[in-house]
Amino acid sequence: AQSVTQPDIHITVSEGASLELRCNYSYGATPYLFWYVQSPGQGLQLLLKYFSGDTLVQGIKGFEAEFKRSQSSFNLRKPSVHWSDAAEYFCAAHGGATNKLIFGTGTLLAVQP
Amino acid sequence: DSGVTQTPKHLITATGQRVTLRCSPRSGDLSVYWYQQSLDQGLQFLIQYYNGEERAKGNILERFSAQQFPDLHSELNLSSLELGDSALYFCASSSGTGGPYEQYFGPGTRLTVT
């Protein structure tokens with residue numbers, strides 16, 4: 001069955017530190033991949049997407065993600081975290097035949113001053 | 001602001017009742033999706049419409065139904081509500097379907113069933 005896994009439920013980093021959030025997928029073929037962010041009481045904002053081509057994709061708010069086919073991973077990174085980055089982050093994928101998104105369980109990011 | 005609008009923002013109702021959630025997609029988007037977010041199930045796909053036609057169905061209960069109108073707005077109808085239906089319901093839209101399209105999400109409707 002198709003699935004998206006985010007192994008880390010909760011991560012705490014210090015402001016200014018680097019960040020990496022992990023995401024693994026299980027699909028028959030390489031899916032289209034996305035990262036969304038959800039602030040408390042808010043909707044989901046698209047951070048970045050991977051369709052094909054360059055495996056390092058840049059997104060909004062200084063985020064980037066790297067697609068690694070050999071590891072079935074699409075990890076999200078940021079070199080220096082800001083207090084405003086505290087939120088829940090969701091990795092998602094769809095296979096293209098339908099566009100239904102399958103979401104990971106989310107990683108809640110806390111930022112320490 | 002994603003350009004996707006949802007009304008109402010909050011809804012409180014009693015068990016057994018029926019409610020309608022409304023969604024307007026981004027200008028030009030033909031595809032509308034509904035998702036449910038709950039603490040125990042996470043984010044789950046419910047149903048997709050493309051240009052007025054049902055395109056894909058997920059874990060949507062028989063008590064729930066949806067439609068997309070000629071002006072492309074969509075409504076999700078939830079009936080015979082149960083306590084377990086309390087959740088955040090998101091609408092998303094994309095320009096197309098069946099390919100590399102990203103989805104933009106609305107702010108959600110928080111449904112509380114008492």
# chains A, B, ... in the order shown; residues from 1 in each chain; ligands from 1

$ residues_around --residues "region 95-106 of chain A" --least-positions-apart "3" --cutoff "7 Å" --atoms "only C-alpha atoms" --output "list in words"
Ser3, Val4, Thr5, Gln6, Ile9, Pro31, Tyr32, Glu88, Tyr89, Phe90, Cys91 and Ala92 of chain A; Gly42, Leu43, Phe45, Ala56, Thr97, Gly98, Gly99 and Pro100 of chain B

$ interface_residues --of "chain B" --to "chain A" --cutoff "9 Å" --atoms "only C-alpha atoms" --output "ChimeraX atom specification"
/B:1-2,33,41-48,55-58,90,96-108

$ atom_distance --atom1 "CA of Leu19 (chain A)" --atom2 "CA of Lys78 (chain A)"
5.2 Å

$ closest_residue --among "A:Gln112, A:Gln71, A:Ser84, A:Thr30" --to "Val13 (chain A)" --atoms "only C-alpha atoms"
A:Gln112

$ select_by_dssp --residues "chain A" --states "helix (DSSP H, G or I)" --output "PDB file with C-alpha atoms, in the first residue's frame"
ATOM      1  CA  ILE A  60       9.485  29.367   0.471  1.00  0.00           C
ATOM      2  CA  LYS A  61      10.724  30.692   3.824  1.00  0.00           C
ATOM      3  CA  GLY A  62      14.269  29.463   3.178  1.00  0.00           C
ATOM      4  CA  ARG A  69      15.394   7.768  -4.934  1.00  0.00           C
ATOM      5  CA  SER A  70      17.747   5.129  -3.498  1.00  0.00           C
ATOM      6  CA  GLN A  71      16.501   5.883   0.014  1.00  0.00           C
ATOM      7  CA  TRP A  83      11.266  31.196  16.121  1.00  0.00           C
ATOM      8  CA  SER A  84       8.462  31.748  13.587  1.00  0.00           C
ATOM      9  CA  ASP A  85       9.209  28.333  12.054  1.00  0.00           C
TER      10      ASP A  85
END

$ residues_around --residues "Val113 (chain B)" --least-positions-apart "3" --cutoff "12 Å" --atoms "only C-alpha atoms" --output "PyMOL selection string"
chain B and resi 10-19+78-88+110

$ atom_distance --atom1 "CA of Leu21 (chain B)" --atom2 "CA of Ala86 (chain A)"
29.3 Å

$ closest_residue --among "A:Val37, A:Ala1, A:Cys23, A:Ala65" --to "Pro79 (chain A)" --atoms "only C-alpha atoms"
A:Ala65

$ decode --residues "region 19-41 of chain B" --atoms "N, CA and C atoms" --output "mmCIF file, in the first residue's frame"
data_model
loop_
_atom_site.group_PDB
_atom_site.id
_atom_site.type_symbol
_atom_site.label_atom_id
_atom_site.label_comp_id
_atom_site.auth_asym_id
_atom_site.auth_seq_id
_atom_site.Cartn_x
_atom_site.Cartn_y
_atom_site.Cartn_z
ATOM 1 N N VAL B 19 -24.997 19.075 8.355
ATOM 2 C CA VAL B 19 -24.354 20.361 8.077
ATOM 3 C C VAL B 19 -23.813 20.365 6.654
ATOM 4 N N THR B 20 -23.597 21.571 6.150
ATOM 5 C CA THR B 20 -23.005 21.744 4.821
ATOM 6 C C THR B 20 -21.802 22.660 4.925
ATOM 7 N N LEU B 21 -20.678 22.191 4.405
ATOM 8 C CA LEU B 21 -19.450 22.968 4.362
ATOM 9 C C LEU B 21 -19.235 23.415 2.923
ATOM 10 N N ARG B 22 -18.805 24.653 2.786
ATOM 11 C CA ARG B 22 -18.677 25.222 1.455
ATOM 12 C C ARG B 22 -17.232 25.583 1.146
ATOM 13 N N CYS B 23 -16.859 25.425 -0.120
ATOM 14 C CA CYS B 23 -15.493 25.710 -0.553
ATOM 15 C C CYS B 23 -15.510 26.391 -1.916
ATOM 16 N N SER B 24 -14.726 27.439 -2.046
ATOM 17 C CA SER B 24 -14.512 28.061 -3.356
ATOM 18 C C SER B 24 -13.049 27.899 -3.727
ATOM 19 N N PRO B 25 -12.755 27.273 -4.855
ATOM 20 C CA PRO B 25 -11.360 27.036 -5.247
ATOM 21 C C PRO B 25 -10.680 28.323 -5.697
ATOM 22 N N ARG B 26 -9.362 28.226 -5.892
ATOM 23 C CA ARG B 26 -8.619 29.344 -6.465
ATOM 24 C C ARG B 26 -9.154 29.633 -7.852
ATOM 25 N N SER B 27 -9.063 30.877 -8.245
ATOM 26 C CA SER B 27 -9.521 31.266 -9.564
ATOM 27 C C SER B 27 -8.811 30.438 -10.637
ATOM 28 N N GLY B 28 -9.570 29.811 -11.501
ATOM 29 C CA GLY B 28 -8.995 29.022 -12.587
ATOM 30 C C GLY B 28 -8.793 27.549 -12.276
ATOM 31 N N ASP B 29 -8.857 27.185 -10.990
ATOM 32 C CA ASP B 29 -8.673 25.781 -10.641
ATOM 33 C C ASP B 29 -9.947 24.989 -10.907
ATOM 34 N N LEU B 30 -9.779 23.820 -11.513
ATOM 35 C CA LEU B 30 -10.924 22.983 -11.863
ATOM 36 C C LEU B 30 -11.150 21.841 -10.879
ATOM 37 N N SER B 31 -10.131 21.520 -10.120
ATOM 38 C CA SER B 31 -10.192 20.354 -9.241
ATOM 39 C C SER B 31 -10.330 20.787 -7.788
ATOM 40 N N VAL B 32 -11.237 20.116 -7.078
ATOM 41 C CA VAL B 32 -11.460 20.394 -5.661
ATOM 42 C C VAL B 32 -11.343 19.086 -4.885
ATOM 43 N N TYR B 33 -10.696 19.161 -3.747
ATOM 44 C CA TYR B 33 -10.490 17.999 -2.886
ATOM 45 C C TYR B 33 -11.011 18.332 -1.490
ATOM 46 N N TRP B 34 -11.475 17.301 -0.801
ATOM 47 C CA TRP B 34 -11.850 17.443 0.599
ATOM 48 C C TRP B 34 -11.008 16.485 1.440
ATOM 49 N N TYR B 35 -10.529 17.009 2.563
ATOM 50 C CA TYR B 35 -9.734 16.222 3.505
ATOM 51 C C TYR B 35 -10.291 16.427 4.909
ATOM 52 N N GLN B 36 -10.108 15.403 5.727
ATOM 53 C CA GLN B 36 -10.497 15.483 7.134
ATOM 54 C C GLN B 36 -9.234 15.353 7.985
ATOM 55 N N GLN B 37 -9.096 16.229 8.970
ATOM 56 C CA GLN B 37 -7.966 16.130 9.882
ATOM 57 C C GLN B 37 -8.483 15.914 11.297
ATOM 58 N N SER B 38 -8.130 14.783 11.876
ATOM 59 C CA SER B 38 -8.518 14.486 13.250
ATOM 60 C C SER B 38 -7.303 13.975 14.005
ATOM 61 N N LEU B 39 -7.376 14.025 15.319
ATOM 62 C CA LEU B 39 -6.227 13.624 16.137
ATOM 63 C C LEU B 39 -5.899 12.148 15.957
ATOM 64 N N ASP B 40 -6.941 11.308 15.839
ATOM 65 C CA ASP B 40 -6.662 9.874 15.760
ATOM 66 C C ASP B 40 -6.369 9.387 14.352
ATOM 67 N N GLN B 41 -6.905 10.053 13.336
ATOM 68 C CA GLN B 41 -6.719 9.575 11.956
ATOM 69 C C GLN B 41 -5.742 10.413 11.144
#
